[in-house]
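Okay, final37.cif is below, mmCIF, C-alpha atoms:
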```
data_structure
#
loop_
_atom_site.label_atom_id
_atom_site.label_comp_id
_atom_site.auth_asym_id
_atom_site.auth_seq_id
_atom_site.Cartn_x
_atom_site.Cartn_y
_atom_site.Cartn_z
CA MET A 298 29.74 11.19 -46.90
CA THR A 299 29.53 11.91 -43.18
CA THR A 300 25.75 11.44 -43.24
CA LEU A 301 26.18 8.16 -45.13
CA TYR A 302 28.65 6.88 -42.53
CA LEU A 303 26.33 7.99 -39.71
CA PHE A 304 23.21 6.26 -41.03
CA GLY A 305 25.14 3.25 -42.31
CA ALA A 306 26.71 2.59 -38.91
CA PHE A 307 23.37 3.23 -37.23
CA ALA A 308 21.70 0.61 -39.44
CA ILE A 309 24.51 -1.88 -38.77
CA GLY A 310 24.11 -1.38 -35.04
CA LEU A 311 20.37 -1.99 -35.19
CA VAL A 312 20.76 -5.12 -37.33
CA ALA A 313 23.45 -6.42 -34.97
CA GLY A 314 21.04 -6.06 -32.07
CA LEU A 315 22.93 -3.37 -30.17
CA PRO A 316 20.85 -1.37 -27.68
CA ILE A 317 19.77 1.93 -29.21
CA LEU A 318 21.97 3.82 -26.74
CA TRP A 319 25.16 2.18 -27.94
CA THR A 320 23.97 2.18 -31.55
CA MET A 321 23.85 5.99 -31.55
CA GLY A 322 27.25 6.18 -29.86
CA PHE A 323 28.76 3.73 -32.35
CA ALA A 324 27.30 5.60 -35.33
CA THR A 325 28.62 8.93 -34.03
CA ILE A 326 32.14 7.54 -33.53
CA VAL A 327 32.15 6.05 -37.04
CA ALA A 328 31.01 9.37 -38.54
CA LEU A 329 33.68 11.26 -36.59
CA THR A 330 36.42 8.83 -37.57
CA LEU A 331 35.60 8.29 -41.24
CA GLY A 332 33.72 11.46 -42.11
CA ASP A 333 35.03 14.90 -42.97
CA LEU A 334 34.07 16.75 -39.79
CA SER A 335 37.68 17.11 -38.55
CA MET A 336 36.57 16.83 -34.94
CA PRO A 337 38.58 15.10 -32.18
CA THR A 338 36.98 12.10 -30.46
CA ALA A 339 37.02 14.08 -27.20
CA TRP A 340 34.31 16.22 -28.78
CA LEU A 341 31.90 13.28 -28.37
CA ALA A 342 32.28 13.34 -24.58
CA GLN A 343 31.94 17.14 -24.49
CA GLN A 344 28.73 17.05 -26.53
CA ALA A 345 27.31 14.20 -24.45
CA ILE A 346 27.86 16.15 -21.23
CA ARG A 347 26.41 19.30 -22.78
CA GLY A 348 23.31 17.40 -23.94
CA ALA A 349 22.51 16.16 -20.44
CA ASP A 350 23.39 19.47 -18.76
CA SER A 351 20.04 21.22 -19.00
CA LEU A 352 18.01 22.80 -16.24
CA TYR A 353 14.78 21.83 -17.99
CA LEU A 354 15.79 18.16 -18.10
CA ALA A 355 16.15 18.25 -14.30
CA ALA A 356 12.34 18.17 -14.22
CA ILE A 357 12.40 14.55 -15.43
CA PRO A 358 13.86 12.88 -12.30
CA LEU A 359 11.83 15.19 -10.06
CA PHE A 360 8.50 14.26 -11.67
CA LEU A 361 9.48 10.56 -11.67
CA PHE A 362 10.41 10.80 -7.98
CA SER A 363 7.14 12.48 -7.00
CA GLY A 364 5.25 9.76 -8.87
CA GLU A 365 7.17 7.05 -7.03
CA LEU A 366 6.43 8.71 -3.69
CA MET A 367 2.73 9.00 -4.48
CA ASN A 368 2.54 5.36 -5.51
CA ARG A 369 4.34 4.15 -2.39
CA GLY A 370 2.15 6.44 -0.31
CA GLY A 371 -0.98 4.43 -1.15
CA LEU A 372 -2.20 6.27 -4.22
CA THR A 373 -2.82 3.47 -6.72
CA HIS A 374 -5.22 1.31 -4.74
CA ARG A 375 -7.23 4.40 -3.76
CA LEU A 376 -7.55 5.39 -7.41
CA VAL A 377 -8.74 1.88 -8.27
CA SER A 378 -11.29 1.98 -5.44
CA LEU A 379 -12.67 5.34 -6.58
CA ALA A 380 -12.77 4.33 -10.25
CA GLU A 381 -14.49 1.04 -9.45
CA PHE A 382 -17.28 2.81 -7.59
CA VAL A 383 -17.90 5.06 -10.62
CA PHE A 384 -17.39 2.61 -13.52
CA GLY A 385 -17.50 -0.87 -12.00
CA ARG A 386 -21.25 -1.40 -12.48
CA PHE A 387 -21.17 -0.92 -16.27
CA THR A 388 -20.58 -3.60 -18.88
CA GLY A 389 -16.89 -4.40 -18.79
CA GLY A 390 -16.66 -2.36 -15.62
CA LEU A 391 -13.14 -3.33 -14.59
CA SER A 392 -11.78 -2.59 -18.05
CA LEU A 393 -13.19 0.94 -17.71
CA VAL A 394 -11.67 1.15 -14.23
CA ASN A 395 -8.32 0.17 -15.75
CA VAL A 396 -8.36 3.09 -18.20
CA ALA A 397 -9.66 5.59 -15.63
CA THR A 398 -6.92 4.61 -13.17
CA ALA A 399 -4.24 4.93 -15.86
CA PHE A 400 -5.59 8.35 -16.83
CA VAL A 401 -5.37 9.76 -13.32
CA TYR A 402 -2.10 8.02 -12.51
CA GLY A 403 -0.62 9.37 -15.76
CA GLY A 404 -1.24 12.86 -14.44
CA ILE A 405 1.00 12.08 -11.49
CA SER A 406 3.78 9.78 -12.70
CA GLY A 407 4.60 11.49 -16.02
CA SER A 408 5.96 8.20 -17.35
CA ALA A 409 4.24 5.57 -19.48
CA THR A 410 6.39 2.76 -18.09
CA ALA A 411 5.78 3.74 -14.46
CA ASP A 412 2.06 4.14 -15.17
CA THR A 413 1.83 0.74 -16.86
CA SER A 414 3.79 -1.08 -14.18
CA ALA A 415 1.83 0.39 -11.26
CA VAL A 416 -1.59 -0.25 -12.81
CA ALA A 417 -0.66 -3.71 -14.12
CA LYS A 418 0.28 -5.03 -10.69
CA LEU A 419 -3.21 -4.26 -9.37
CA MET A 420 -5.51 -4.47 -12.37
CA ILE A 421 -4.35 -7.60 -14.21
CA PRO A 422 -4.90 -9.93 -11.19
CA ALA A 423 -8.15 -8.10 -10.30
CA MET A 424 -9.53 -8.41 -13.84
CA GLU A 425 -8.52 -12.07 -14.06
CA SER A 426 -10.33 -12.82 -10.79
CA ARG A 427 -13.52 -11.33 -12.31
CA GLY A 428 -13.40 -13.50 -15.44
CA TYR A 429 -11.41 -11.35 -17.87
CA PRO A 430 -8.70 -13.19 -19.83
CA ARG A 431 -5.24 -12.22 -18.71
CA SER A 432 -4.29 -11.44 -22.31
CA PHE A 433 -7.10 -8.87 -22.61
CA ALA A 434 -6.31 -7.32 -19.22
CA ALA A 435 -2.62 -7.09 -20.15
CA ALA A 436 -3.33 -5.59 -23.59
CA LEU A 437 -5.68 -2.96 -22.15
CA THR A 438 -3.13 -2.02 -19.49
CA ALA A 439 -0.34 -1.72 -22.08
CA ALA A 440 -2.46 0.58 -24.25
CA SER A 441 -3.88 2.75 -21.45
CA GLY A 442 -0.41 3.07 -19.92
CA THR A 443 0.50 5.43 -22.76
CA LEU A 444 -1.74 8.05 -21.15
CA GLY A 445 1.31 8.77 -19.00
CA ILE A 446 3.02 10.46 -21.96
CA ILE A 447 -0.02 12.59 -22.88
CA VAL A 448 -1.65 13.67 -19.63
CA PRO A 449 0.40 16.43 -17.94
CA PRO A 450 2.98 16.38 -16.53
CA SER A 451 4.67 14.32 -19.24
CA VAL A 452 8.35 13.42 -19.34
CA VAL A 453 8.16 13.14 -23.14
CA PHE A 454 6.68 16.65 -23.45
CA ILE A 455 9.63 17.96 -21.42
CA LEU A 456 12.01 16.22 -23.81
CA TYR A 457 10.18 17.52 -26.88
CA GLY A 458 10.08 21.05 -25.48
CA VAL A 459 13.84 21.05 -24.89
CA LEU A 460 14.55 19.61 -28.36
CA THR A 461 12.34 22.02 -30.29
CA ASN A 462 12.35 25.09 -28.01
CA THR A 463 8.60 24.76 -27.43
CA SER A 464 6.98 25.95 -24.20
CA ILE A 465 6.79 22.98 -21.82
CA GLY A 466 3.90 24.54 -19.92
CA GLY A 467 2.06 25.04 -23.20
CA LEU A 468 2.66 21.39 -24.14
CA PHE A 469 1.32 20.27 -20.77
CA VAL A 470 -1.89 22.22 -21.33
CA ALA A 471 -2.13 21.02 -24.94
CA GLY A 472 -2.08 17.41 -23.73
CA ILE A 473 -5.22 17.71 -21.58
CA ILE A 474 -7.89 17.39 -24.30
CA PRO A 475 -6.01 14.69 -26.27
CA GLY A 476 -5.52 12.77 -23.03
CA ILE A 477 -9.26 12.86 -22.35
CA LEU A 478 -9.93 11.88 -25.98
CA VAL A 479 -7.58 8.88 -25.85
CA ALA A 480 -9.00 7.71 -22.51
CA GLY A 481 -12.56 8.08 -23.82
CA LEU A 482 -11.89 6.11 -27.00
CA PHE A 483 -10.05 3.38 -25.09
CA MET A 484 -13.02 3.14 -22.71
CA LEU A 485 -15.41 2.93 -25.66
CA THR A 486 -13.27 0.23 -27.27
CA ALA A 487 -13.08 -1.75 -24.03
CA TYR A 488 -16.85 -1.41 -23.60
CA ILE A 489 -17.55 -2.70 -27.13
CA VAL A 490 -15.21 -5.68 -26.66
CA SER A 491 -16.73 -6.42 -23.25
CA LYS A 492 -20.27 -6.19 -24.62
CA LYS A 493 -19.40 -8.62 -27.41
CA ARG A 494 -17.76 -11.12 -25.05
CA GLY A 495 -20.18 -10.79 -22.17
CA TYR A 496 -17.92 -9.25 -19.56
CA VAL A 497 -20.40 -7.94 -17.00
CA GLY A 498 -20.02 -5.22 -14.42
CA THR A 499 -20.21 -5.68 -10.67
CA ALA A 500 -22.14 -3.91 -7.95
CA PRO A 501 -20.12 -1.33 -5.99
CA GLN A 502 -18.27 -2.93 -3.09
CA GLN A 503 -18.61 0.16 -0.93
CA SER A 504 -21.36 2.47 0.23
CA MET A 505 -21.80 6.04 -0.92
CA ALA A 506 -20.56 7.22 2.46
CA GLN A 507 -17.38 5.18 2.05
CA PHE A 508 -16.94 6.47 -1.50
CA LEU A 509 -17.21 10.06 -0.29
CA ARG A 510 -14.64 9.37 2.43
CA ASP A 511 -12.28 7.80 -0.14
CA LEU A 512 -12.87 10.69 -2.50
CA ALA A 513 -12.08 13.26 0.17
CA PHE A 514 -9.01 11.25 1.12
CA GLY A 515 -7.92 10.96 -2.50
CA LEU A 516 -8.39 14.62 -3.41
CA PRO A 517 -4.85 15.65 -2.39
CA ALA A 518 -3.43 13.18 -4.91
CA LEU A 519 -5.99 14.06 -7.59
CA ALA A 520 -5.17 17.74 -7.13
CA MET A 521 -1.45 17.33 -7.80
CA PRO A 522 -1.65 17.77 -11.62
CA VAL A 523 -3.77 20.89 -11.08
CA PHE A 524 -1.22 22.16 -8.57
CA ILE A 525 1.64 21.59 -11.05
CA LEU A 526 -0.13 23.22 -14.00
CA GLY A 527 -1.32 26.11 -11.88
CA ALA A 528 2.20 26.82 -10.67
CA ILE A 529 3.55 26.83 -14.24
CA LEU A 530 0.74 28.76 -15.95
CA SER A 531 0.53 31.41 -13.24
CA GLY A 532 4.22 32.15 -13.67
CA PHE A 533 4.89 31.19 -10.06
CA ALA A 534 7.30 28.44 -11.11
CA THR A 535 9.05 27.06 -14.16
CA ALA A 536 8.48 23.44 -15.17
CA THR A 537 11.59 22.38 -13.25
CA GLU A 538 10.63 24.36 -10.16
CA ALA A 539 7.10 22.92 -10.33
CA ALA A 540 8.63 19.44 -10.48
CA ALA A 541 10.60 20.18 -7.31
CA LEU A 542 7.43 21.45 -5.64
CA SER A 543 5.64 18.25 -6.68
CA VAL A 544 8.22 16.22 -4.73
CA VAL A 545 7.59 18.28 -1.60
CA TYR A 546 3.84 17.96 -2.17
CA ALA A 547 4.10 14.17 -2.59
CA LEU A 548 6.15 13.84 0.60
CA ILE A 549 3.63 15.86 2.62
CA VAL A 550 0.63 13.96 1.23
CA GLY A 551 2.21 10.52 1.57
CA MET A 552 3.63 11.02 5.06
CA PHE A 553 1.12 13.31 6.78
CA VAL A 554 -2.18 12.91 4.90
CA TYR A 555 -2.18 9.26 3.81
CA ARG A 556 0.36 8.28 6.48
CA GLU A 557 1.47 5.28 4.43
CA LEU A 558 4.79 6.68 3.21
CA THR A 559 7.60 6.05 5.67
CA LEU A 560 11.26 7.00 5.72
CA LYS A 561 12.08 3.41 4.72
CA ASP A 562 10.05 3.87 1.51
CA ILE A 563 12.04 6.88 0.34
CA TRP A 564 15.26 5.05 -0.46
CA PRO A 565 13.62 2.45 -2.78
CA ALA A 566 11.79 5.35 -4.48
CA VAL A 567 15.13 7.09 -4.99
CA VAL A 568 16.68 3.91 -6.43
CA ASP A 569 13.83 3.40 -8.92
CA THR A 570 13.93 7.07 -9.88
CA VAL A 571 17.67 6.98 -10.50
CA ALA A 572 17.30 3.86 -12.65
CA GLY A 573 14.51 5.42 -14.71
CA THR A 574 16.30 8.74 -15.01
CA GLY A 575 19.59 7.09 -15.96
CA ALA A 576 17.97 5.25 -18.84
CA VAL A 577 16.53 8.49 -20.24
CA MET A 578 19.51 10.75 -19.61
CA MET A 579 22.09 8.38 -21.10
CA ILE A 580 20.04 8.30 -24.29
CA VAL A 581 19.73 12.10 -24.26
CA ALA A 582 23.47 12.44 -23.70
CA LEU A 583 24.58 10.20 -26.56
CA ALA A 584 21.81 11.39 -28.86
CA THR A 585 23.07 14.99 -28.59
CA PRO A 586 26.25 14.53 -30.68
CA PHE A 587 24.27 12.29 -33.05
CA ALA A 588 21.68 15.04 -33.55
CA TRP A 589 24.42 17.68 -33.84
CA ILE A 590 25.94 15.85 -36.80
CA LEU A 591 22.49 15.65 -38.41
CA THR A 592 22.12 19.40 -38.03
CA ILE A 593 25.61 20.26 -39.29
CA GLU A 594 25.05 18.02 -42.30
CA GLN A 595 21.73 19.88 -42.87
CA VAL A 596 19.69 16.68 -42.78
CA PRO A 597 16.56 18.47 -41.43
CA THR A 598 16.76 21.03 -44.25
CA MET A 599 17.30 18.38 -46.90
CA ALA A 600 14.42 16.31 -45.50
CA ALA A 601 12.12 19.34 -45.61
CA HIS A 602 13.12 20.12 -49.18
CA ALA A 603 12.64 16.48 -50.22
CA VAL A 604 9.13 16.37 -48.75
CA THR A 605 8.26 19.72 -50.35
CA ALA A 606 9.55 18.51 -53.72
CA LEU A 607 7.05 15.67 -53.66
CA GLY A 608 4.28 18.24 -54.11
CA ALA A 609 1.97 16.30 -51.81
CA GLY A 610 0.41 19.43 -50.31
CA PRO A 611 -0.18 20.01 -46.58
CA THR A 612 -2.44 16.96 -46.10
CA GLY A 613 -0.11 14.62 -47.97
CA THR A 614 2.89 16.00 -46.09
CA VAL A 615 1.27 15.41 -42.70
CA MET A 616 0.28 11.87 -43.70
CA LEU A 617 3.83 11.14 -44.85
CA VAL A 618 5.28 12.39 -41.56
CA LEU A 619 2.76 10.27 -39.65
CA ILE A 620 3.81 7.17 -41.58
CA ILE A 621 7.45 7.88 -40.70
CA LEU A 622 6.60 8.43 -37.02
CA LEU A 623 4.52 5.26 -36.79
CA PHE A 624 7.15 3.16 -38.56
CA VAL A 625 10.08 4.46 -36.51
CA GLY A 626 8.08 4.26 -33.28
CA THR A 627 7.55 0.57 -33.88
CA TRP A 628 11.29 -0.12 -34.06
CA LEU A 629 12.84 2.47 -31.75
CA ASP A 630 12.05 3.26 -28.15
CA LEU A 631 10.17 6.51 -27.62
CA SER A 632 12.95 8.71 -26.18
CA PRO A 633 15.64 8.06 -28.83
CA ALA A 634 13.03 8.20 -31.60
CA MET A 635 11.87 11.59 -30.35
CA ILE A 636 15.43 12.89 -30.02
CA ILE A 637 16.32 11.86 -33.56
CA LEU A 638 13.08 12.77 -35.33
CA ALA A 639 11.75 15.86 -33.52
CA PRO A 640 14.37 18.29 -34.88
CA ILE A 641 13.90 16.87 -38.40
CA LEU A 642 10.13 16.44 -38.66
CA THR A 643 8.82 19.31 -36.52
CA PRO A 644 9.82 22.02 -39.08
CA ILE A 645 8.09 19.97 -41.79
CA LEU A 646 4.87 19.77 -39.75
CA LEU A 647 5.00 23.49 -39.01
CA THR A 648 5.51 24.25 -42.69
CA ALA A 649 2.47 22.08 -43.48
CA GLY A 650 0.36 24.40 -41.32
CA LEU A 651 0.28 22.66 -37.94
CA GLY A 652 0.59 24.69 -34.76
CA PRO A 653 3.60 24.18 -32.47
CA TYR A 654 1.61 22.37 -29.78
CA GLN A 655 -0.35 20.37 -32.34
CA ALA A 656 2.93 19.16 -33.86
CA GLY A 657 4.34 18.20 -30.45
CA VAL A 658 1.29 16.32 -29.24
CA LEU A 659 0.83 14.60 -32.61
CA ALA A 660 4.45 13.42 -32.70
CA THR A 661 4.22 12.18 -29.11
CA VAL A 662 0.99 10.23 -29.63
CA ALA A 663 2.17 8.75 -32.94
CA LEU A 664 5.49 7.59 -31.51
CA GLY A 665 3.73 6.47 -28.33
CA ILE A 666 1.82 3.79 -30.24
CA GLY A 667 5.15 2.03 -30.51
CA LEU A 668 5.08 1.52 -26.74
CA TYR A 669 2.38 -1.11 -27.19
CA THR A 670 3.33 -2.41 -30.63
CA PRO A 671 5.72 -5.35 -31.20
CA PRO A 672 8.59 -5.95 -31.53
CA VAL A 673 10.03 -3.21 -29.28
CA GLY A 674 6.97 -2.06 -27.30
CA THR A 675 8.15 -1.39 -23.75
CA ASN A 676 4.66 -1.50 -22.26
CA ILE A 677 4.06 -4.93 -23.79
CA PHE A 678 7.12 -6.34 -22.05
CA VAL A 679 6.00 -4.80 -18.75
CA VAL A 680 2.51 -6.31 -18.84
CA CYS A 681 3.74 -9.67 -20.15
CA ASN A 682 6.18 -9.86 -17.27
CA VAL A 683 3.57 -8.88 -14.66
CA GLY A 684 0.73 -10.95 -16.12
CA ARG A 685 2.90 -13.83 -17.36
CA VAL A 686 1.21 -13.74 -20.75
CA PRO A 687 2.80 -14.53 -24.14
CA ILE A 688 3.47 -11.52 -26.37
CA GLY A 689 1.49 -13.07 -29.22
CA ALA A 690 -1.68 -13.36 -27.12
CA VAL A 691 -1.38 -9.76 -25.94
CA SER A 692 -0.71 -8.51 -29.48
CA ARG A 693 -3.92 -10.09 -30.78
CA GLU A 694 -5.94 -8.36 -28.07
CA LEU A 695 -4.32 -5.01 -28.92
CA VAL A 696 -5.79 -4.80 -32.44
CA PRO A 697 -8.94 -2.81 -31.43
CA PHE A 698 -6.82 -0.36 -29.43
CA TRP A 699 -4.50 0.22 -32.38
CA ALA A 700 -7.60 1.12 -34.42
CA ALA A 701 -8.74 3.53 -31.70
CA SER A 702 -5.28 5.11 -31.63
CA ALA A 703 -5.32 5.57 -35.41
CA ALA A 704 -8.60 7.48 -35.08
CA VAL A 705 -7.04 9.71 -32.40
CA ILE A 706 -4.02 10.48 -34.59
CA LEU A 707 -6.20 11.53 -37.53
CA LEU A 708 -8.28 13.78 -35.27
CA LEU A 709 -5.18 15.41 -33.80
CA ALA A 710 -3.67 15.90 -37.26
CA PHE A 711 -6.68 17.57 -38.83
CA VAL A 712 -8.52 19.24 -35.92
CA PRO A 713 -6.06 21.87 -34.62
CA SER A 714 -8.39 23.11 -31.89
CA LEU A 715 -7.93 19.85 -29.96
CA THR A 716 -4.37 20.92 -29.13
CA GLU A 717 -4.14 24.66 -29.83
CA TRP A 718 -7.35 26.04 -28.32
CA LEU A 719 -6.68 25.44 -24.63
CA PRO A 720 -3.07 26.78 -24.63
CA SER A 721 -4.31 29.86 -26.52
CA LEU A 722 -7.11 30.32 -24.02
CA LEU A 723 -4.65 30.21 -21.14
CA GLY A 724 -2.20 32.59 -22.77
CA ASN A 725 0.39 30.20 -24.20
#
```
Show me, as structure tokens, the structure contained in the file I just sent.
Amino acid sequence: MTTLYLFGAFAIGLVAGLPILWTMGFATIVALTLGDLSMPTAWLAQQAIRGADSLYLAAIPLFLFSGELMNRGGLTHRLVSLAEFVFGRFTGGLSLVNVATAFVYGGISGSATADTSAVAKLMIPAMESRGYPRSFAAALTAASGTLGIIVPPSVVFILYGVLTNTSIGGLFVAGIIPGILVAGLFMLTAYIVSKKRGYVGTAPQQSMAQFLRDLAFGLPALAMPVFILGAILSGFATATEAAALSVVYALIVGMFVYRELTLKDIWPAVVDTVAGTGAVMMIVALATPFAWILTIEQVPTMAAHAVTALGAGPTGTVMLVLIILLFVGTWLDLSPAMIILAPILTPILLTAGLGPYQAGVLATVALGIGLYTPPVGTNIFVVCNVGRVPIGAVSRELVPFWAASAAVILLLAFVPSLTEWLPSLLGN
């Protein structure tokens, strides 16, 4: 009965339009009050504090802060300049620049929302000035912004690692090839659309000498993901310690190399980081007692037995899990969806023969599609706000990118080497 009360109250909260944070809290209180757990309501507060009290989760605000510092230190426009020199001359050149910028920025910010917002502010006006419809520019930015959850360091990988006791460093490494794959397919999709519509490239606006100067100047920023991964994989630092080092690195680069980051810029970066961290950590806190009840009521075990009883075999099981992930990701934001589903579905994927990193990356990418899928897609709201474009127009332009994402998911599900080979090679 406790499980029935929990899911019933959760469904009522969603239908009533409550934010997912308060929906989980409401469902937990109902289950505690009406169920047979015999737990005092003070237990909810204790569990919430315990859920947020994790050394590994401290990496989240640190990576977000280093990304904010890099962005305010002049990173984004330099990335755009470098990418435009390389890709700008091709058909649909600025659309390729958009994806390339998101790919590199994703390796610094660790957040899809931060990635999308930073790139949108530069690329949507730039693409519109070159003849691209704002709706297409916004849709491409919303889709490519999800590279922030795949390319290391990823806030979502940190969350998944904590939830499932999977190596965070291993997840970071496992995300490299899928990140390149997603970026490549998005570029191919953008190229095909541009070719069909006649979006032409432009001649480079800078000389080779200027490009080399910009490249040399941009190398400190481009090297930050390598610095982070190297520190973790070498055993020099844990993920949290590497996140702290990334903040120091970003401060040094922004203030003494780029010389665009000032003391006045630090406080706004702190404010934005606190806001972003608060949104994630409040969800983690209230999701902890919710997930605890699921575990005590043996929901993960029952779900695994139910899937096994279907007799669908490994392939059918993986496809069923993917359908669940895609459906839930469309209606729930990424963090709460991951917190609720990862402990339930990960054992099922492992039983079906997937490797631990393959399961983590697959779950992240599948849920991440919800970031640019109505009605809840966070990235869609970001680009619509920046580009002042209706959601309907952006959604129509997203159709080819949904198809590209579906192809990526199938590849990740049935080609284990895409996610397991590199961590194995590097000793994870």
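Separating CA of Thr614 in chain A from CA of Leu478 in chain A is a distance of 24.2 Å.
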Test item: the PyMOL selection byres ((chain A and resi 721) around 12) resolved as an NGL selection string: :A and (466-468 or 470-471 or 530 or 652-655 or 713-720 or 722-725)
Would you export the selected residues with C-alpha atoms as a PDB file, in the coordinates of the input, please?
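Final file, result.pdb:
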```
ATOM      1  CA  GLY A 466       3.900  24.540 -19.920  1.00  0.00           C
ATOM      2  CA  GLY A 467       2.060  25.040 -23.200  1.00  0.00           C
ATOM      3  CA  LEU A 468       2.660  21.390 -24.140  1.00  0.00           C
ATOM      4  CA  VAL A 470      -1.890  22.220 -21.330  1.00  0.00           C
ATOM      5  CA  ALA A 471      -2.130  21.020 -24.940  1.00  0.00           C
ATOM      6  CA  LEU A 530       0.740  28.760 -15.950  1.00  0.00           C
ATOM      7  CA  GLY A 652       0.590  24.690 -34.760  1.00  0.00           C
ATOM      8  CA  PRO A 653       3.600  24.180 -32.470  1.00  0.00           C
ATOM      9  CA  TYR A 654       1.610  22.370 -29.780  1.00  0.00           C
ATOM     10  CA  GLN A 655      -0.350  20.370 -32.340  1.00  0.00           C
ATOM     11  CA  PRO A 713      -6.060  21.870 -34.620  1.00  0.00           C
ATOM     12  CA  SER A 714      -8.390  23.110 -31.890  1.00  0.00           C
ATOM     13  CA  LEU A 715      -7.930  19.850 -29.960  1.00  0.00           C
ATOM     14  CA  THR A 716      -4.370  20.920 -29.130  1.00  0.00           C
ATOM     15  CA  GLU A 717      -4.140  24.660 -29.830  1.00  0.00           C
ATOM     16  CA  TRP A 718      -7.350  26.040 -28.320  1.00  0.00           C
ATOM     17  CA  LEU A 719      -6.680  25.440 -24.630  1.00  0.00           C
ATOM     18  CA  PRO A 720      -3.070  26.780 -24.630  1.00  0.00           C
ATOM     19  CA  LEU A 722      -7.110  30.320 -24.020  1.00  0.00           C
ATOM     20  CA  LEU A 723      -4.650  30.210 -21.140  1.00  0.00           C
ATOM     21  CA  GLY A 724      -2.200  32.590 -22.770  1.00  0.00           C
ATOM     22  CA  ASN A 725       0.390  30.200 -24.200  1.00  0.00           C
TER      23      ASN A 725
END
```
Target residues per the PyMOL selection byres ((chain A and resi 557) around 8), formatted as an MDAnalysis selection string: chainID A and resid 369:371 551:552 555:556 558:559
Residue selection dump (C-alpha atoms) as an mmCIF file, keeping the file's coordinate frame:
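This went into result-v8.cif:
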```cif
data_model
loop_
_atom_site.group_PDB
_atom_site.id
_atom_site.type_symbol
_atom_site.label_atom_id
_atom_site.label_comp_id
_atom_site.auth_asym_id
_atom_site.auth_seq_id
_atom_site.Cartn_x
_atom_site.Cartn_y
_atom_site.Cartn_z
ATOM 1 C CA ARG A 369 4.340 4.150 -2.390
ATOM 2 C CA GLY A 370 2.150 6.440 -0.310
ATOM 3 C CA GLY A 371 -0.980 4.430 -1.150
ATOM 4 C CA GLY A 551 2.210 10.520 1.570
ATOM 5 C CA MET A 552 3.630 11.020 5.060
ATOM 6 C CA TYR A 555 -2.180 9.260 3.810
ATOM 7 C CA ARG A 556 0.360 8.280 6.480
ATOM 8 C CA LEU A 558 4.790 6.680 3.210
ATOM 9 C CA THR A 559 7.600 6.050 5.670
#
```
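Remark: for Gly348 in chain A, the closest of the candidate residues A:Pro586, A:Pro672, A:Gly442, A:Gly428 is A:Pro586 (distances computed over only C-alpha atoms).
Reported to one decimal place, the separation of CA of Val596 in chain A from CA of Leu334 in chain A is 14.7 Å.
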Interatomic distance, CA of Ala576 in chain A to CA of Ser632 in chain A (Å, one decimal): 9.5 Å
Non-local contacts of Val416 in chain A (12 Å; all atoms listed in the file; under 5 positions in same chain excluded) as a ChimeraX atom specification: /A:368,372-377,392,394-403,406,409-411,421-424,434-435,437-445,676,679-680,683-684
Output check: residues returned by the PyMOL selection byres ((chain A and resi 487) around 8), as a PyMOL selection string: chain A and resi 389+392-393+437+483-486+488-491
Which range 400-466 of chain A residues have any atom within 9 Å of an atom of range 354-362 of chain A, and for each, what is the nearest pair of atoms with distance in Å to one decimal, counting all atoms listed in the file, rows sorted by chain and number, as CSV?
```
residue,atom,partner,partner_atom,distance
A:Ile405,CA,A:Phe360,CA,7.8
A:Ser406,CA,A:Leu361,CA,5.8
A:Gly407,CA,A:Phe360,CA,6.5
A:Ser408,CA,A:Leu361,CA,7.1
A:Ala411,CA,A:Leu361,CA,8.2
A:Pro450,CA,A:Phe360,CA,7.7
A:Ser451,CA,A:Phe360,CA,8.5
A:Val452,CA,A:Ile357,CA,5.7
A:Val453,CA,A:Ile357,CA,8.9
A:Ile455,CA,A:Leu354,CA,7.0
A:Leu456,CA,A:Leu354,CA,7.1
A:Val459,CA,A:Leu354,CA,7.6
```
Near-Ser432 in chain A list (9 Å; only C-alpha atoms; drop same-chain fewer than 6 positions) as a VMD selection string: chain A and resid 421 681 684 686 to 688 690 to 694
Box for range 453-472 of chain A: with edges along x, y and z, all listed atoms inside and 5 Å added on each side, what are the centre and edge lengths in Å to one decimal, as JSON?
```
{"center_x": 6.2, "center_y": 19.5, "center_z": -25.1, "size_x": 26.7, "size_y": 22.8, "size_z": 20.4}
```
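Residue nearest Thr413 in chain A, chosen from A:Phe514, A:Trp340, A:Phe524, A:Phe678 and counting all atoms listed in the file: A:Phe678.
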Given only C-alpha atoms as the counted atoms, nearest of A:Phe711, A:Phe508, A:Tyr302, A:Tyr353 to Gly613 in chain A: A:Phe711
Pick from A:Val327, A:Ala342, A:Ala436, A:Val383, whichever lies nearest to Thr585 in chain A using only C-alpha atoms: A:Ala342
